[in-house]
Amino acid sequence: KWMKDTANYCMIVATLITTVVFATAFTVPGGSSQDTGTPILLKSIWFRVFFISDAIALFSSSSSILIFLSILTSRFTEMDFLVSLPSKLVLGLTTLFTSIAGMVVAFSATCFLVFTREMTLIPIVIITLAGVPIILFVLLHYQLSVDIIRSTFLSKFLFQPRKYRTFLWLINDATKQLFVVVKVAEVSTFNVSR
């Protein structure tokens, strides 16, 4: 039930991203020439960044929809829960993250295209703030991804000799310590900003 709900909500988000970036590809920033139909800002490097990141967001969000749909239409047998479904969930979250990052990069490139001539400080502030959703997505889904990867791909080493188990415990402790360091850094920056 949890996996179905997660796949369903993530598929809704991926569908919204696909809709937005598809529409954005045809309403390019700066508009198009009336005579030729080509974009006016075509020669700008920021336009290339915009178009490439928009295409990456479109393709990865479409892939994410298909991956989450395959989770929802799965037979949910015992063997599916061992490797297939957790692998699809990790892949779906990865493609969803890629689409969010591509969408944010496309937005940032558009800010540079529109505002860079008149105001130089505003695009830099906007791009700095645009990194917040990407960082939040990573922090909020980090533990879930680690747990799924560990239970799917590293559980086969559970009944191996002690030297393999010790190595895996060291990796697990290192990831936990990294997570604690990130949390402490978040709290300290929050206290400093107050």
# chains A, B, ... in the order shown; residues from 1 in each chain; ligands from 1

call {"tool": "residues_around", "arguments": {"residues": "Trp46 of chain A", "least_positions_apart": "5", "cutoff": "10 Å", "atoms": "only C-alpha atoms", "output": "list in words"}}
result
Leu41, Phe51, Ile52, Ala106, Ser108, Ala109, Thr110, Cys111, Phe112, Leu113 and Val114 of chain A

call {"tool": "write_last_selection", "arguments": {"atoms": "all heavy atoms", "output": "PDB file, in the first residue's frame"}}
result
ATOM      1  N   LEU A  41      16.246  35.072 -29.268  1.00  0.00           N
ATOM      2  CA  LEU A  41      17.469  34.935 -28.459  1.00  0.00           C
ATOM      3  C   LEU A  41      18.222  33.635 -28.755  1.00  0.00           C
ATOM      4  O   LEU A  41      18.938  33.121 -27.897  1.00  0.00           O
ATOM      5  CB  LEU A  41      17.097  34.999 -26.973  1.00  0.00           C
ATOM      6  CG  LEU A  41      16.401  36.274 -26.519  1.00  0.00           C
ATOM      7  CD1 LEU A  41      15.924  36.142 -25.088  1.00  0.00           C
ATOM      8  CD2 LEU A  41      17.327  37.466 -26.672  1.00  0.00           C
ATOM      9  N   PHE A  51      17.140  25.492 -23.310  1.00  0.00           N
ATOM     10  CA  PHE A  51      16.513  24.480 -24.144  1.00  0.00           C
ATOM     11  C   PHE A  51      16.995  23.073 -23.785  1.00  0.00           C
ATOM     12  O   PHE A  51      16.199  22.124 -23.732  1.00  0.00           O
ATOM     13  CB  PHE A  51      16.763  24.775 -25.631  1.00  0.00           C
ATOM     14  CG  PHE A  51      15.779  24.116 -26.528  1.00  0.00           C
ATOM     15  CD1 PHE A  51      14.494  24.612 -26.639  1.00  0.00           C
ATOM     16  CD2 PHE A  51      16.120  22.979 -27.237  1.00  0.00           C
ATOM     17  CE1 PHE A  51      13.560  23.997 -27.448  1.00  0.00           C
ATOM     18  CE2 PHE A  51      15.195  22.355 -28.056  1.00  0.00           C
ATOM     19  CZ  PHE A  51      13.913  22.865 -28.163  1.00  0.00           C
ATOM     20  N   ILE A  52      18.289  22.913 -23.514  1.00  0.00           N
ATOM     21  CA  ILE A  52      18.830  21.593 -23.151  1.00  0.00           C
ATOM     22  C   ILE A  52      18.259  21.137 -21.808  1.00  0.00           C
ATOM     23  O   ILE A  52      17.835  19.984 -21.656  1.00  0.00           O
ATOM     24  CB  ILE A  52      20.365  21.622 -23.134  1.00  0.00           C
ATOM     25  CG1 ILE A  52      20.893  21.762 -24.564  1.00  0.00           C
ATOM     26  CG2 ILE A  52      20.935  20.380 -22.470  1.00  0.00           C
ATOM     27  CD1 ILE A  52      22.376  22.034 -24.647  1.00  0.00           C
ATOM     28  N   ALA A 106      16.329  25.316 -16.144  1.00  0.00           N
ATOM     29  CA  ALA A 106      15.658  26.030 -17.236  1.00  0.00           C
ATOM     30  C   ALA A 106      15.089  27.363 -16.749  1.00  0.00           C
ATOM     31  O   ALA A 106      15.197  28.386 -17.438  1.00  0.00           O
ATOM     32  CB  ALA A 106      14.548  25.165 -17.828  1.00  0.00           C
ATOM     33  N   SER A 108      16.244  29.123 -14.219  1.00  0.00           N
ATOM     34  CA  SER A 108      17.385  30.003 -13.945  1.00  0.00           C
ATOM     35  C   SER A 108      17.955  30.576 -15.235  1.00  0.00           C
ATOM     36  O   SER A 108      18.314  31.760 -15.289  1.00  0.00           O
ATOM     37  CB  SER A 108      18.470  29.233 -13.188  1.00  0.00           C
ATOM     38  OG  SER A 108      17.949  28.716 -11.987  1.00  0.00           O
ATOM     39  N   ALA A 109      18.061  29.759 -16.273  1.00  0.00           N
ATOM     40  CA  ALA A 109      18.563  30.253 -17.557  1.00  0.00           C
ATOM     41  C   ALA A 109      17.619  31.303 -18.139  1.00  0.00           C
ATOM     42  O   ALA A 109      18.074  32.293 -18.735  1.00  0.00           O
ATOM     43  CB  ALA A 109      18.734  29.091 -18.530  1.00  0.00           C
ATOM     44  N   THR A 110      16.323  31.108 -17.958  1.00  0.00           N
ATOM     45  CA  THR A 110      15.353  32.107 -18.428  1.00  0.00           C
ATOM     46  C   THR A 110      15.524  33.420 -17.681  1.00  0.00           C
ATOM     47  O   THR A 110      15.428  34.500 -18.281  1.00  0.00           O
ATOM     48  CB  THR A 110      13.915  31.575 -18.254  1.00  0.00           C
ATOM     49  OG1 THR A 110      13.800  30.339 -18.937  1.00  0.00           O
ATOM     50  CG2 THR A 110      12.899  32.544 -18.790  1.00  0.00           C
ATOM     51  N   CYS A 111      15.795  33.348 -16.379  1.00  0.00           N
ATOM     52  CA  CYS A 111      16.039  34.577 -15.606  1.00  0.00           C
ATOM     53  C   CYS A 111      17.246  35.323 -16.141  1.00  0.00           C
ATOM     54  O   CYS A 111      17.225  36.552 -16.260  1.00  0.00           O
ATOM     55  CB  CYS A 111      16.230  34.247 -14.126  1.00  0.00           C
ATOM     56  SG  CYS A 111      14.720  33.786 -13.307  1.00  0.00           S
ATOM     57  N   PHE A 112      18.303  34.589 -16.484  1.00  0.00           N
ATOM     58  CA  PHE A 112      19.475  35.245 -17.045  1.00  0.00           C
ATOM     59  C   PHE A 112      19.171  35.841 -18.418  1.00  0.00           C
ATOM     60  O   PHE A 112      19.667  36.905 -18.764  1.00  0.00           O
ATOM     61  CB  PHE A 112      20.651  34.275 -17.157  1.00  0.00           C
ATOM     62  CG  PHE A 112      21.567  34.341 -15.977  1.00  0.00           C
ATOM     63  CD1 PHE A 112      21.624  33.303 -15.077  1.00  0.00           C
ATOM     64  CD2 PHE A 112      22.365  35.443 -15.759  1.00  0.00           C
ATOM     65  CE1 PHE A 112      22.459  33.355 -13.990  1.00  0.00           C
ATOM     66  CE2 PHE A 112      23.205  35.520 -14.669  1.00  0.00           C
ATOM     67  CZ  PHE A 112      23.254  34.472 -13.783  1.00  0.00           C
ATOM     68  N   LEU A 113      18.366  35.148 -19.212  1.00  0.00           N
ATOM     69  CA  LEU A 113      18.009  35.677 -20.530  1.00  0.00           C
ATOM     70  C   LEU A 113      17.216  36.972 -20.427  1.00  0.00           C
ATOM     71  O   LEU A 113      17.437  37.920 -21.180  1.00  0.00           O
ATOM     72  CB  LEU A 113      17.166  34.648 -21.296  1.00  0.00           C
ATOM     73  CG  LEU A 113      17.905  33.593 -22.082  1.00  0.00           C
ATOM     74  CD1 LEU A 113      16.937  32.525 -22.576  1.00  0.00           C
ATOM     75  CD2 LEU A 113      18.634  34.212 -23.249  1.00  0.00           C
ATOM     76  N   VAL A 114      16.288  37.017 -19.502  1.00  0.00           N
ATOM     77  CA  VAL A 114      15.370  38.150 -19.417  1.00  0.00           C
ATOM     78  C   VAL A 114      15.977  39.329 -18.660  1.00  0.00           C
ATOM     79  O   VAL A 114      15.863  40.480 -19.078  1.00  0.00           O
ATOM     80  CB  VAL A 114      14.037  37.706 -18.774  1.00  0.00           C
ATOM     81  CG1 VAL A 114      13.124  38.884 -18.533  1.00  0.00           C
ATOM     82  CG2 VAL A 114      13.368  36.670 -19.638  1.00  0.00           C
TER      83      VAL A 114
END

call {"tool": "closest_atom_pairs", "arguments": {"of": "segment 96-133 of chain A", "to": "segment 53-56 of chain A", "cutoff": "8 Å", "atoms": "only C-alpha atoms", "output": "CSV"}}
result
residue,atom,partner,partner_atom,distance
A:Thr98,CA,A:Ile56,CA,7.7
A:Ser99,CA,A:Ile56,CA,6.7
A:Gly102,CA,A:Ser53,CA,4.8
A:Met103,CA,A:Asp54,CA,6.1
A:Val105,CA,A:Ser53,CA,6.2
A:Ala106,CA,A:Ser53,CA,5.4

call {"tool": "write_last_selection", "arguments": {"atoms": "all heavy atoms", "output": "JSON list (two decimals), in the first residue's frame"}}
result
[["chain", "number", "residue", "atom", "x", "y", "z"],
["A", 98, "THR", "N", 15.95, 14.32, -11.36],
["A", 98, "THR", "CA", 16.57, 14.90, -12.55],
["A", 98, "THR", "C", 15.63, 15.87, -13.24],
["A", 98, "THR", "O", 16.05, 16.93, -13.71],
["A", 98, "THR", "CB", 16.98, 13.77, -13.52],
["A", 98, "THR", "OG1", 17.82, 12.84, -12.83],
["A", 98, "THR", "CG2", 17.73, 14.32, -14.72],
["A", 99, "SER", "N", 14.35, 15.52, -13.30],
["A", 99, "SER", "CA", 13.39, 16.43, -13.95],
["A", 99, "SER", "C", 13.20, 17.70, -13.15],
["A", 99, "SER", "O", 13.08, 18.79, -13.72],
["A", 99, "SER", "CB", 12.06, 15.72, -14.17],
["A", 99, "SER", "OG", 11.44, 15.41, -12.95],
["A", 102, "GLY", "N", 16.32, 19.76, -13.79],
["A", 102, "GLY", "CA", 16.28, 20.34, -15.13],
["A", 102, "GLY", "C", 15.31, 21.50, -15.23],
["A", 102, "GLY", "O", 15.59, 22.51, -15.89],
["A", 103, "MET", "N", 14.17, 21.38, -14.56],
["A", 103, "MET", "CA", 13.19, 22.45, -14.57],
["A", 103, "MET", "C", 13.74, 23.70, -13.87],
["A", 103, "MET", "O", 13.56, 24.83, -14.35],
["A", 103, "MET", "CB", 11.90, 21.99, -13.88],
["A", 103, "MET", "CG", 10.78, 22.96, -13.92],
["A", 103, "MET", "SD", 9.26, 22.32, -13.17],
["A", 103, "MET", "CE", 9.78, 22.02, -11.50],
["A", 105, "VAL", "N", 16.94, 24.51, -13.53],
["A", 105, "VAL", "CA", 18.00, 25.07, -14.39],
["A", 105, "VAL", "C", 17.39, 25.84, -15.55],
["A", 105, "VAL", "O", 17.87, 26.92, -15.92],
["A", 105, "VAL", "CB", 18.96, 23.96, -14.87],
["A", 105, "VAL", "CG1", 19.90, 24.47, -15.95],
["A", 105, "VAL", "CG2", 19.74, 23.39, -13.71],
["A", 106, "ALA", "N", 16.33, 25.32, -16.14],
["A", 106, "ALA", "CA", 15.66, 26.03, -17.24],
["A", 106, "ALA", "C", 15.09, 27.36, -16.75],
["A", 106, "ALA", "O", 15.20, 28.39, -17.44],
["A", 106, "ALA", "CB", 14.55, 25.16, -17.83]]

call {"tool": "residues_around", "arguments": {"residues": "Ile17 of chain A", "least_positions_apart": "4", "cutoff": "12 Å", "atoms": "only C-alpha atoms", "output": "count of residues only"}}
result
30

call {"tool": "closest_residue", "arguments": {"among": "A:Leu129, A:Leu66, A:Val90, A:Ala7", "to": "Leu144 of chain A", "atoms": "only C-alpha atoms"}}
result
A:Val90

call {"tool": "atom_distance", "arguments": {"atom1": "atom CA of Leu69 of chain A", "atom2": "atom CA of Thr152 of chain A"}}
result
20.2 Å

call {"tool": "closest_residue", "arguments": {"among": "A:Leu139, A:Arg48, A:Trp2, A:Ser84", "to": "Ala25 of chain A", "atoms": "only C-alpha atoms"}}
result
A:Arg48

call {"tool": "closest_residue", "arguments": {"among": "A:Val132, A:Ile148, A:Phe115, A:Val20", "to": "Phe81 of chain A", "atoms": "only C-alpha atoms"}}
result
A:Ile148
